[in-house]
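Student: Following this line is data.pdb, made up of PDB, C-alpha atoms, pLDDT in the B column:
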```pdb
MODEL        1
ATOM      1  CA  MET A  83     -34.817  -3.542  46.116  1.00 43.00           C
ATOM      2  CA  TRP A  84     -33.342  -4.399  49.494  1.00 46.00           C
ATOM      3  CA  SER A  85     -33.978  -2.150  52.438  1.00 45.00           C
ATOM      4  CA  THR A  86     -30.716  -1.525  54.175  1.00 44.00           C
ATOM      5  CA  SER A  87     -29.613  -1.009  57.747  1.00 43.00           C
ATOM      6  CA  TRP A  88     -27.176   1.767  58.398  1.00 42.00           C
ATOM      7  CA  HIS A  89     -24.632   2.135  61.179  1.00 44.00           C
ATOM      8  CA  VAL A  90     -21.643   4.287  61.818  1.00 43.00           C
ATOM      9  CA  ILE A  91     -18.641   2.325  63.013  1.00 42.00           C
ATOM     10  CA  ASN A  92     -15.402   4.135  63.705  1.00 44.00           C
ATOM     11  CA  SER A  93     -16.806   7.252  62.002  1.00 43.00           C
ATOM     12  CA  GLN A  94     -17.338   5.333  58.706  1.00 44.00           C
ATOM     13  CA  PRO A  95     -20.719   4.422  57.152  1.00 46.00           C
ATOM     14  CA  TRP A  96     -21.377   0.697  56.863  1.00 42.00           C
ATOM     15  CA  VAL A  97     -24.275  -1.167  55.260  1.00 44.00           C
ATOM     16  CA  MET A  98     -25.567  -4.733  55.487  1.00 47.00           C
ATOM     17  CA  PRO A  99     -28.460  -6.437  53.624  1.00 49.00           C
ATOM     18  CA  PRO A 100     -31.391  -7.327  55.892  1.00 48.00           C
ATOM     19  CA  GLY A 101     -31.321 -10.733  57.466  1.00 49.00           C
ATOM     20  CA  GLN A 102     -27.524 -10.795  57.752  1.00 49.00           C
ATOM     21  CA  GLY A 103     -26.615 -10.685  61.396  1.00 47.00           C
ATOM     22  CA  SER A 104     -22.940 -11.392  61.346  1.00 45.00           C
ATOM     23  CA  SER A 105     -20.664  -8.393  61.794  1.00 41.00           C
ATOM     24  CA  GLU A 106     -18.223  -9.937  59.296  1.00 42.00           C
ATOM     25  CA  GLU A 107     -20.712  -9.247  56.531  1.00 43.00           C
ATOM     26  CA  TRP A 108     -20.853  -5.493  57.023  1.00 41.00           C
ATOM     27  CA  THR A 109     -19.452  -3.606  54.035  1.00 39.00           C
ATOM     28  CA  LEU A 110     -17.589  -0.312  54.215  1.00 39.00           C
ATOM     29  CA  LEU A 111     -19.252   2.298  51.987  1.00 39.00           C
ATOM     30  CA  ALA A 112     -16.858   5.210  52.015  1.00 36.00           C
ATOM     31  CA  PRO A 113     -14.175   3.863  49.627  1.00 45.00           C
ATOM     32  CA  ARG A 114     -16.860   2.571  47.278  1.00 47.00           C
ATOM     33  CA  GLY A 115     -17.889   6.125  46.465  1.00 45.00           C
ATOM     34  CA  ILE A 116     -14.507   7.111  45.045  1.00 43.00           C
ATOM     35  CA  ALA A 117     -12.699   4.273  43.300  1.00 45.00           C
ATOM     36  CA  PRO A 118     -15.692   3.022  41.237  1.00 49.00           C
ATOM     37  CA  ARG A 119     -16.225   6.493  39.796  1.00 48.00           C
ATOM     38  CA  VAL A 120     -12.618   6.714  38.661  1.00 46.00           C
ATOM     39  CA  ALA A 121     -12.725   3.133  37.367  1.00 47.00           C
ATOM     40  CA  MET A 122     -15.894   3.923  35.429  1.00 52.00           C
ATOM     41  CA  CYS A 123     -14.165   6.851  33.701  1.00 63.00           C
ATOM     42  CA  VAL A 124     -11.096   4.707  32.986  1.00 67.00           C
ATOM     43  CA  GLY A 125     -13.182   1.942  31.398  1.00 68.00           C
ATOM     44  CA  LYS A 126     -15.271   4.304  29.286  1.00 78.00           C
ATOM     45  CA  CYS A 127     -12.190   6.188  28.127  1.00 78.00           C
ATOM     46  CA  SER A 128     -10.586   2.931  27.001  1.00 80.00           C
ATOM     47  CA  ARG A 129     -13.677   1.988  25.007  1.00 85.00           C
ATOM     48  CA  ILE A 130     -13.466   5.325  23.188  1.00 89.00           C
ATOM     49  CA  VAL A 131      -9.709   5.655  22.693  1.00 91.00           C
ATOM     50  CA  GLY A 132      -9.220   2.050  21.528  1.00 90.00           C
ATOM     51  CA  PRO A 133     -11.573   2.113  18.505  1.00 93.00           C
ATOM     52  CA  CYS A 134     -10.359   5.600  17.537  1.00 95.00           C
ATOM     53  CA  LEU A 135      -6.765   4.357  17.452  1.00 95.00           C
ATOM     54  CA  LEU A 136      -7.866   1.320  15.434  1.00 96.00           C
ATOM     55  CA  VAL A 137      -9.373   3.588  12.784  1.00 96.00           C
ATOM     56  CA  LEU A 138      -6.397   5.960  12.731  1.00 97.00           C
ATOM     57  CA  GLY A 139      -3.868   3.118  12.542  1.00 96.00           C
ATOM     58  CA  THR A 140      -5.736   1.578   9.622  1.00 97.00           C
ATOM     59  CA  LEU A 141      -5.911   4.921   7.804  1.00 97.00           C
ATOM     60  CA  SER A 142      -2.190   5.471   8.392  1.00 97.00           C
ATOM     61  CA  MET A 143      -1.294   2.148   6.796  1.00 97.00           C
ATOM     62  CA  ALA A 144      -3.654   2.778   3.868  1.00 97.00           C
ATOM     63  CA  ALA A 145      -2.156   6.243   3.233  1.00 96.00           C
ATOM     64  CA  ASN A 146       1.394   4.881   3.245  1.00 96.00           C
ATOM     65  CA  ILE A 147       0.486   2.007   0.931  1.00 96.00           C
ATOM     66  CA  LEU A 148      -1.015   4.502  -1.520  1.00 96.00           C
ATOM     67  CA  LEU A 149       2.267   6.457  -1.452  1.00 95.00           C
ATOM     68  CA  LEU A 150       3.925   3.388  -2.962  1.00 95.00           C
ATOM     69  CA  PHE A 151       1.570   3.526  -5.956  1.00 95.00           C
ATOM     70  CA  PRO A 152       1.656   7.083  -7.393  1.00 93.00           C
ATOM     71  CA  GLY A 153      -1.498   7.730  -9.373  1.00 87.00           C
ATOM     72  CA  GLY A 154      -2.616   4.195  -8.557  1.00 87.00           C
ATOM     73  CA  ALA A 155       0.023   2.687 -10.887  1.00 89.00           C
ATOM     74  CA  SER A 156       2.233  -0.189  -9.766  1.00 90.00           C
ATOM     75  CA  LYS A 157       4.938   0.121 -12.436  1.00 92.00           C
ATOM     76  CA  TYR A 158       6.827   2.850 -10.562  1.00 93.00           C
ATOM     77  CA  LEU A 159       7.190   0.619  -7.535  1.00 92.00           C
ATOM     78  CA  VAL A 160       8.401  -2.234  -9.727  1.00 92.00           C
ATOM     79  CA  GLU A 161      10.901   0.077 -11.456  1.00 90.00           C
ATOM     80  CA  GLY A 162      12.090   1.524  -8.138  1.00 89.00           C
ATOM     81  CA  HIS A 163      10.912   5.058  -8.908  1.00 92.00           C
ATOM     82  CA  ILE A 164       9.429   5.677  -5.462  1.00 93.00           C
ATOM     83  CA  SER A 165      10.741   8.343  -3.090  1.00 93.00           C
ATOM     84  CA  LYS A 166      12.952   7.191  -0.236  1.00 93.00           C
ATOM     85  CA  ASP A 167      10.554   8.779   2.247  1.00 93.00           C
ATOM     86  CA  ALA A 168       7.669   6.662   0.976  1.00 94.00           C
ATOM     87  CA  LYS A 169       9.893   3.548   0.998  1.00 93.00           C
ATOM     88  CA  ALA A 170      10.662   4.205   4.671  1.00 94.00           C
ATOM     89  CA  MET A 171       6.967   3.417   5.279  1.00 95.00           C
ATOM     90  CA  PRO A 172       6.530   5.398   8.524  1.00 95.00           C
ATOM     91  CA  GLY A 173       2.777   5.105   8.218  1.00 95.00           C
ATOM     92  CA  ILE A 174       2.982   1.302   8.312  1.00 96.00           C
ATOM     93  CA  TRP A 175       5.419   0.506  11.124  1.00 95.00           C
ATOM     94  CA  GLY A 176       5.095   3.825  12.983  1.00 94.00           C
ATOM     95  CA  GLY A 177       1.562   5.103  12.730  1.00 94.00           C
ATOM     96  CA  GLY A 178       0.209   1.673  11.794  1.00 95.00           C
ATOM     97  CA  VAL A 179       1.528  -1.502  13.442  1.00 96.00           C
ATOM     98  CA  THR A 180       2.592  -0.030  16.812  1.00 95.00           C
ATOM     99  CA  VAL A 181      -0.656   1.914  17.116  1.00 96.00           C
ATOM    100  CA  LEU A 182      -2.812  -1.064  16.097  1.00 96.00           C
ATOM    101  CA  LEU A 183      -1.130  -3.296  18.674  1.00 94.00           C
ATOM    102  CA  ALA A 184      -1.974  -0.838  21.430  1.00 93.00           C
ATOM    103  CA  ALA A 185      -5.460  -0.147  20.024  1.00 93.00           C
ATOM    104  CA  THR A 186      -6.348  -3.842  19.843  1.00 93.00           C
ATOM    105  CA  HIS A 187      -5.363  -4.428  23.446  1.00 90.00           C
ATOM    106  CA  ILE A 188      -7.058  -1.265  24.711  1.00 88.00           C
ATOM    107  CA  THR A 189     -10.299  -2.040  22.874  1.00 88.00           C
ATOM    108  CA  ALA A 190     -10.363  -5.685  23.961  1.00 85.00           C
ATOM    109  CA  VAL A 191      -9.721  -4.882  27.612  1.00 80.00           C
ATOM    110  CA  GLY A 192     -12.149  -1.960  27.653  1.00 72.00           C
ATOM    111  CA  TRP A 193     -15.075  -4.001  26.351  1.00 68.00           C
ATOM    112  CA  ARG A 194     -14.132  -7.211  28.122  1.00 65.00           C
ATOM    113  CA  CYS A 195     -14.140  -5.398  31.454  1.00 59.00           C
ATOM    114  CA  ALA A 196     -17.378  -3.549  30.705  1.00 52.00           C
ATOM    115  CA  GLY A 197     -19.272  -6.269  32.567  1.00 50.00           C
ATOM    116  CA  CYS A 198     -16.649  -6.514  35.314  1.00 49.00           C
ATOM    117  CA  SER A 199     -15.550  -9.996  34.368  1.00 46.00           C
ATOM    118  CA  ASP A 200     -12.375 -11.406  35.882  1.00 46.00           C
ATOM    119  CA  CYS A 201      -9.997  -9.695  33.486  1.00 51.00           C
ATOM    120  CA  GLY A 202      -6.990  -8.782  35.618  1.00 51.00           C
ATOM    121  CA  THR A 203      -7.738  -5.100  35.236  1.00 65.00           C
ATOM    122  CA  ARG A 204      -4.659  -3.602  36.863  1.00 73.00           C
ATOM    123  CA  ARG A 205      -2.296  -5.883  34.980  1.00 78.00           C
ATOM    124  CA  ASN A 206      -4.036  -5.105  31.687  1.00 77.00           C
ATOM    125  CA  ALA A 207      -4.063  -1.399  32.535  1.00 80.00           C
ATOM    126  CA  PHE A 208      -0.286  -1.530  32.970  1.00 85.00           C
ATOM    127  CA  ILE A 209       0.135  -3.378  29.659  1.00 88.00           C
ATOM    128  CA  SER A 210      -2.079  -0.826  27.892  1.00 86.00           C
ATOM    129  CA  ALA A 211       0.026   2.015  29.296  1.00 89.00           C
ATOM    130  CA  VAL A 212       3.236   0.368  28.030  1.00 92.00           C
ATOM    131  CA  LEU A 213       1.761  -0.321  24.581  1.00 93.00           C
ATOM    132  CA  SER A 214       0.439   3.249  24.452  1.00 93.00           C
ATOM    133  CA  LYS A 215       3.958   4.533  25.051  1.00 94.00           C
ATOM    134  CA  LEU A 216       5.187   2.457  22.112  1.00 95.00           C
ATOM    135  CA  ALA A 217       2.281   3.789  20.043  1.00 95.00           C
ATOM    136  CA  LEU A 218       3.245   7.331  21.032  1.00 96.00           C
ATOM    137  CA  LEU A 219       6.836   6.756  19.896  1.00 97.00           C
ATOM    138  CA  GLY A 220       5.662   5.172  16.639  1.00 97.00           C
ATOM    139  CA  ALA A 221       3.237   8.008  15.913  1.00 97.00           C
ATOM    140  CA  ALA A 222       5.926  10.584  16.720  1.00 97.00           C
ATOM    141  CA  ALA A 223       8.347   8.877  14.306  1.00 97.00           C
ATOM    142  CA  CYS A 224       5.635   8.828  11.638  1.00 97.00           C
ATOM    143  CA  PHE A 225       4.969  12.533  12.213  1.00 97.00           C
ATOM    144  CA  VAL A 226       8.637  13.474  11.831  1.00 96.00           C
ATOM    145  CA  LEU A 227       9.320  11.294   8.772  1.00 96.00           C
ATOM    146  CA  SER A 228       6.096  12.429   7.090  1.00 95.00           C
ATOM    147  CA  GLY A 229       7.155  16.034   7.590  1.00 93.00           C
ATOM    148  CA  VAL A 230      10.527  15.238   6.017  1.00 92.00           C
ATOM    149  CA  GLY A 231       8.808  13.528   3.082  1.00 94.00           C
ATOM    150  CA  LEU A 232       6.536  16.522   2.582  1.00 92.00           C
ATOM    151  CA  THR A 233       9.503  18.904   2.661  1.00 89.00           C
ATOM    152  CA  ASN A 234      11.682  16.877   0.274  1.00 90.00           C
ATOM    153  CA  GLY A 235       8.940  16.429  -2.286  1.00 91.00           C
ATOM    154  CA  PRO A 236       8.403  13.426  -4.561  1.00 93.00           C
ATOM    155  CA  LEU A 237      10.792  11.487  -6.759  1.00 93.00           C
ATOM    156  CA  CYS A 238       9.772  12.223 -10.320  1.00 92.00           C
ATOM    157  CA  PHE A 239      10.908  12.429 -13.945  1.00 92.00           C
ATOM    158  CA  TYR A 240      11.765  16.031 -14.838  1.00 89.00           C
ATOM    159  CA  ASN A 241      13.940  18.212 -17.047  1.00 84.00           C
ATOM    160  CA  ALA A 242      16.951  19.059 -14.886  1.00 78.00           C
ATOM    161  CA  SER A 243      18.489  21.502 -17.359  1.00 75.00           C
ATOM    162  CA  GLU A 244      15.345  23.654 -17.467  1.00 68.00           C
ATOM    163  CA  HIS A 245      14.712  23.794 -13.742  1.00 64.00           C
ATOM    164  CA  GLY A 246      18.165  24.320 -12.294  1.00 56.00           C
ATOM    165  CA  GLY A 247      18.555  20.867 -10.800  1.00 51.00           C
ATOM    166  CA  GLY A 248      22.282  20.749 -11.455  1.00 54.00           C
ATOM    167  CA  GLY A 249      21.900  18.047 -14.098  1.00 56.00           C
ATOM    168  CA  HIS A 250      21.439  17.870 -17.823  1.00 67.00           C
ATOM    169  CA  GLY A 251      18.446  16.567 -19.726  1.00 76.00           C
ATOM    170  CA  MET A 252      15.603  14.410 -18.472  1.00 85.00           C
ATOM    171  CA  LEU A 253      16.181  12.379 -15.344  1.00 88.00           C
ATOM    172  CA  TRP A 254      14.598  10.908 -12.232  1.00 91.00           C
ATOM    173  CA  GLY A 255      15.268  12.918  -9.112  1.00 90.00           C
ATOM    174  CA  TYR A 256      13.979  15.291  -6.440  1.00 89.00           C
ATOM    175  CA  PRO A 257      13.469  18.658  -8.136  1.00 87.00           C
ATOM    176  CA  PHE A 258      12.200  20.284  -4.915  1.00 84.00           C
ATOM    177  CA  LEU A 259      14.992  19.050  -2.668  1.00 78.00           C
ATOM    178  CA  ASP A 260      17.704  21.493  -1.654  1.00 55.00           C
ATOM    179  CA  THR A 261      21.001  19.589  -1.876  1.00 47.00           C
ATOM    180  CA  GLY A 262      22.776  22.262   0.172  1.00 46.00           C
ATOM    181  CA  SER A 263      25.649  22.516  -2.303  1.00 43.00           C
ATOM    182  CA  GLN A 264      23.807  24.756  -4.740  1.00 44.00           C
ATOM    183  CA  LYS A 265      21.385  27.593  -4.363  1.00 49.00           C
ATOM    184  CA  PRO A 266      17.912  26.049  -4.700  1.00 44.00           C
ATOM    185  CA  ASP A 267      15.526  27.190  -7.365  1.00 45.00           C
ATOM    186  CA  ALA A 268      13.078  29.623  -5.765  1.00 45.00           C
ATOM    187  CA  ARG A 269      10.154  27.803  -7.375  1.00 43.00           C
ATOM    188  CA  ALA A 270      11.325  24.503  -5.949  1.00 47.00           C
ATOM    189  CA  GLU A 271      12.085  26.000  -2.531  1.00 53.00           C
ATOM    190  CA  ASN A 272       8.535  27.235  -2.151  1.00 72.00           C
ATOM    191  CA  TYR A 273       6.722  24.487  -4.031  1.00 84.00           C
ATOM    192  CA  LEU A 274       4.225  23.933  -1.232  1.00 86.00           C
ATOM    193  CA  HIS A 275       3.078  27.527  -1.554  1.00 84.00           C
ATOM    194  CA  ASP A 276       3.280  27.834  -5.324  1.00 82.00           C
ATOM    195  CA  HIS A 277       1.207  25.227  -7.135  1.00 83.00           C
ATOM    196  CA  ARG A 278       2.484  26.450 -10.503  1.00 83.00           C
ATOM    197  CA  THR A 279       5.812  24.741  -9.842  1.00 84.00           C
ATOM    198  CA  TRP A 280       4.112  21.361  -9.549  1.00 89.00           C
ATOM    199  CA  SER A 281       4.202  21.011 -13.317  1.00 87.00           C
ATOM    200  CA  ILE A 282       7.974  20.453 -13.035  1.00 87.00           C
ATOM    201  CA  CYS A 283       7.300  16.760 -12.505  1.00 91.00           C
ATOM    202  CA  LEU A 284       6.370  15.133 -15.802  1.00 91.00           C
ATOM    203  CA  GLU A 285       5.975  11.585 -14.554  1.00 90.00           C
ATOM    204  CA  PRO A 286       4.188  10.073 -12.664  1.00 91.00           C
ATOM    205  CA  VAL A 287       1.298  12.304 -13.617  1.00 91.00           C
ATOM    206  CA  GLY A 288       0.000  14.243 -10.617  1.00 91.00           C
ATOM    207  CA  VAL A 289       2.691  12.843  -8.328  1.00 93.00           C
ATOM    208  CA  VAL A 290       3.196  16.147  -6.495  1.00 94.00           C
ATOM    209  CA  THR A 291      -0.460  16.365  -5.518  1.00 94.00           C
ATOM    210  CA  TRP A 292      -0.404  12.682  -4.593  1.00 95.00           C
ATOM    211  CA  ASN A 293       2.661  13.218  -2.396  1.00 95.00           C
ATOM    212  CA  VAL A 294       1.418  16.386  -0.698  1.00 94.00           C
ATOM    213  CA  VAL A 295      -2.067  15.072   0.089  1.00 95.00           C
ATOM    214  CA  LEU A 296      -0.946  11.703   1.490  1.00 96.00           C
ATOM    215  CA  PHE A 297       1.984  12.995   3.538  1.00 96.00           C
ATOM    216  CA  SER A 298      -0.245  15.775   4.904  1.00 95.00           C
ATOM    217  CA  LEU A 299      -2.824  13.139   5.804  1.00 97.00           C
ATOM    218  CA  LEU A 300      -0.128  11.132   7.592  1.00 97.00           C
ATOM    219  CA  LEU A 301       0.862  14.243   9.537  1.00 97.00           C
ATOM    220  CA  LEU A 302      -2.706  14.799  10.713  1.00 97.00           C
ATOM    221  CA  ILE A 303      -3.267  11.133  11.553  1.00 97.00           C
ATOM    222  CA  SER A 304      -0.025  10.775  13.500  1.00 97.00           C
ATOM    223  CA  ALA A 305      -0.727  13.989  15.418  1.00 97.00           C
ATOM    224  CA  ALA A 306      -4.149  12.640  16.444  1.00 97.00           C
ATOM    225  CA  GLU A 307      -2.547   9.315  17.384  1.00 97.00           C
ATOM    226  CA  MET A 308      -0.033  11.067  19.630  1.00 97.00           C
ATOM    227  CA  VAL A 309      -2.827  12.896  21.451  1.00 96.00           C
ATOM    228  CA  LEU A 310      -4.898   9.733  21.961  1.00 95.00           C
ATOM    229  CA  ALA A 311      -1.869   7.656  22.978  1.00 95.00           C
ATOM    230  CA  SER A 312      -0.929  10.292  25.571  1.00 95.00           C
ATOM    231  CA  ILE A 313      -4.471  10.221  26.953  1.00 93.00           C
ATOM    232  CA  GLN A 314      -4.378   6.427  27.183  1.00 91.00           C
ATOM    233  CA  ILE A 315      -1.026   6.491  28.988  1.00 92.00           C
ATOM    234  CA  LEU A 316      -2.615   8.613  31.706  1.00 90.00           C
ATOM    235  CA  ASN A 317      -5.745   6.468  31.565  1.00 85.00           C
ATOM    236  CA  GLY A 318      -3.687   3.299  31.950  1.00 83.00           C
ATOM    237  CA  CYS A 319      -1.873   4.724  34.958  1.00 84.00           C
ATOM    238  CA  LEU A 320      -5.217   5.487  36.604  1.00 80.00           C
ATOM    239  CA  GLY A 321      -6.356   1.980  35.687  1.00 73.00           C
ATOM    240  CA  CYS A 322      -3.368   0.539  37.537  1.00 73.00           C
ATOM    241  CA  LEU A 323      -4.644   2.246  40.676  1.00 73.00           C
ATOM    242  CA  CYS A 324      -8.399   1.865  40.294  1.00 66.00           C
ATOM    243  CA  GLY A 325      -9.008  -0.853  37.687  1.00 56.00           C
ATOM    244  CA  PHE A 326     -11.332  -0.684  34.690  1.00 52.00           C
ATOM    245  CA  CYS A 327     -14.526  -2.209  36.029  1.00 52.00           C
ATOM    246  CA  GLU A 328     -17.454  -0.049  37.021  1.00 48.00           C
ATOM    247  CA  GLY A 329     -18.925  -2.448  39.480  1.00 47.00           C
ATOM    248  CA  LYS A 330     -15.860  -3.197  41.567  1.00 43.00           C
TER     249      LYS A 330
ENDMDL
END
```
Turn this file's structure into structure tokens for me.
Tutor:
Amino acid sequence: MWSTSWHVINSQPWVMPPGQGSSEEWTLLAPRGIAPRVAMCVGKCSRIVGPCLLVLGTLSMAANILLLFPGGASKYLVEGHISKDAKAMPGIWGGGVTVLLAATHITAVGWRCAGCSDCGTRRNAFISAVLSKLALLGAAACFVLSGVGLTNGPLCFYNASEHGGGGHGMLWGYPFLDTGSQKPDARAENYLHDHRTWSICLEPVGVVTWNVVLFSLLLLISAAEMVLASIQILNGCLGCLCGFCEGK
């Protein structure tokens, strides 16, 4: 450990390693007590938020892919008997791709700058803030579309004449969707609260449970993504001012 010489110049503390006599080599201490602490928090936050968004983005894509295969069967996708809300794939482009782009950059920059390498911290902090805003928009879109998909219910094969769907006989449709032109069946209107109505759908087997669980999962994932993306936007703005590196 070096012993240090202390002086006060212009009311500011300065320090110089022993053996250095030139006044040009004195280093101002006061600013070093503030910015590094903020930068340390910014870097650590990025190394936490980034991996969390990576996991959530991956889960979002997996949940949406499963929505395309009700009950794990591929024939309904081939036949086109998949709900329009699942085909919109909000969990892939919204809660998935946009979030993973931001998460990859945030994670890479956070760990790359952990050792204070020359990583262009302020520039990368700005990029992470921009990508986090895109991730926030994508997660918000996923949240809204997942809520719509949960409300509309699944596309399934059911008996329209028995359950007041406005049709006759067996057909593929949305038995829980209120068309607005007819008074909805009370059982269909409250299907989320009355599990007994789930038996309306005859095929795919268990499609209502499949739909409710996966769209609910997408809602939770996208909500968490919005929170983390908002945190990283603020974190990126601080990084633009202070950088990511702890030792600078």
Student: Choose the residue, out of A:Pro257, A:Ile303, A:Ala155, A:Ile188, that has the smallest atom-to-atom separation from Pro133 (chain A); count all atoms listed in the file.
Tutor: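 Selected residue with least distance to Pro133 (chain A): A:Ile188.
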Student: Quick one: distance from CA of Met171 (chain A) to CA of Leu316 (chain A) in Å, one decimal?
Tutor: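 According to the coordinates, CA of Met171 (chain A) and CA of Leu316 (chain A) are separated by 28.6 Å.
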Student: Record the distance separating CA of Asn317 (chain A) and CA of Phe225 (chain A), expressed in Å with one decimal.
Tutor: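 Computing the Euclidean distance for CA of Asn317 (chain A) and CA of Phe225 (chain A) yields 22.9 Å.
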Student: For each of A:Leu296, A:Ile282, A:Leu149, A:Ile209, take the minimum atom-to-atom distance to Ser243 (chain A), counting all atoms listed in the file, then give the residue where this is smallest.
Tutor: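 Selected residue with least distance to Ser243 (chain A): A:Ile282.
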Student: Using only C-alpha atoms, pick whichever of A:Val309, A:Cys238, A:Cys134, A:Ala211 has the shortest atom-to-atom distance to Leu259 (chain A).
Tutor: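 Comparing A:Val309, A:Cys238, A:Cys134, A:Ala211 against Leu259 (chain A), the winner is A:Cys238.
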Student: Report, in Å with one decimal, the straight-line distance from CA of Ile147 (chain A) to CA of Ala311 (chain A).
Tutor: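 Pair CA of Ile147 (chain A) / CA of Ala311 (chain A) returns 22.9 Å.
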Student: If you apply the PyMOL selection byres ((chain A and resi 177-183) around 6) to this file, what residues do you get, as a ChimeraX atom specification?
Tutor: /A:136,139,142-143,173-176,184-186,217,220-221,224,304
Student: Take the PyMOL selection byres ((chain A and resi 169) around 10), apply it to the structure above, and return the hits as a tab-separated table (two decimals) with C-alpha atoms, keeping the file's coordinate frame.
Tutor:
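Contents of result_8.tsv, as written:
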```tsv
chain	number	residue	atom	x	y	z
A	146	ASN	CA	1.39	4.88	3.24
A	147	ILE	CA	0.49	2.01	0.93
A	149	LEU	CA	2.27	6.46	-1.45
A	150	LEU	CA	3.92	3.39	-2.96
A	159	LEU	CA	7.19	0.62	-7.54
A	162	GLY	CA	12.09	1.52	-8.14
A	164	ILE	CA	9.43	5.68	-5.46
A	165	SER	CA	10.74	8.34	-3.09
A	166	LYS	CA	12.95	7.19	-0.24
A	167	ASP	CA	10.55	8.78	2.25
A	168	ALA	CA	7.67	6.66	0.98
A	170	ALA	CA	10.66	4.20	4.67
A	171	MET	CA	6.97	3.42	5.28
A	172	PRO	CA	6.53	5.40	8.52
```
Student: Because some atoms of region 250-255 of chain A are absent here, can you restore all heavy atoms and send them as a compact mmCIF listing (two decimals), keeping the file's coordinate frame?
Tutor:
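See result-v2.txt below for the written result:
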```txt
# COMPACT_ATOMS: atom_id res chain seq x y z
N HIS A 250 21.68 17.56 -16.42
CA HIS A 250 21.44 17.87 -17.82
C HIS A 250 20.43 16.87 -18.39
O HIS A 250 20.57 15.66 -18.22
CB HIS A 250 22.75 17.80 -18.62
CG HIS A 250 23.81 18.74 -18.11
ND1 HIS A 250 23.77 20.10 -18.38
CD2 HIS A 250 24.91 18.53 -17.34
CE1 HIS A 250 24.82 20.67 -17.81
NE2 HIS A 250 25.53 19.74 -17.17
N GLY A 251 19.43 17.42 -19.07
CA GLY A 251 18.45 16.57 -19.73
C GLY A 251 17.40 16.03 -18.76
O GLY A 251 17.24 16.48 -17.63
N MET A 252 16.69 15.01 -19.23
CA MET A 252 15.60 14.41 -18.47
C MET A 252 16.16 13.34 -17.53
O MET A 252 16.98 12.51 -17.93
CB MET A 252 14.59 13.78 -19.43
CG MET A 252 14.13 14.72 -20.54
SD MET A 252 13.11 16.08 -19.93
CE MET A 252 11.62 15.18 -19.48
N LEU A 253 15.71 13.38 -16.30
CA LEU A 253 16.18 12.38 -15.34
C LEU A 253 15.19 12.22 -14.20
O LEU A 253 14.29 13.03 -14.00
CB LEU A 253 17.57 12.76 -14.81
CG LEU A 253 17.75 14.16 -14.18
CD1 LEU A 253 17.29 14.19 -12.73
CD2 LEU A 253 19.21 14.57 -14.26
N TRP A 254 15.39 11.14 -13.44
CA TRP A 254 14.60 10.91 -12.23
C TRP A 254 15.33 11.51 -11.04
O TRP A 254 16.53 11.30 -10.86
CB TRP A 254 14.40 9.41 -11.98
CG TRP A 254 13.43 8.78 -12.93
CD1 TRP A 254 13.72 8.20 -14.12
CD2 TRP A 254 12.02 8.67 -12.75
NE1 TRP A 254 12.58 7.72 -14.72
CE2 TRP A 254 11.50 7.99 -13.89
CE3 TRP A 254 11.13 9.06 -11.76
CZ2 TRP A 254 10.16 7.72 -14.06
CZ3 TRP A 254 9.78 8.78 -11.92
CH2 TRP A 254 9.30 8.12 -13.05
N GLY A 255 14.63 12.29 -10.27
CA GLY A 255 15.27 12.92 -9.11
C GLY A 255 14.26 13.66 -8.25
O GLY A 255 13.04 13.51 -8.40
```
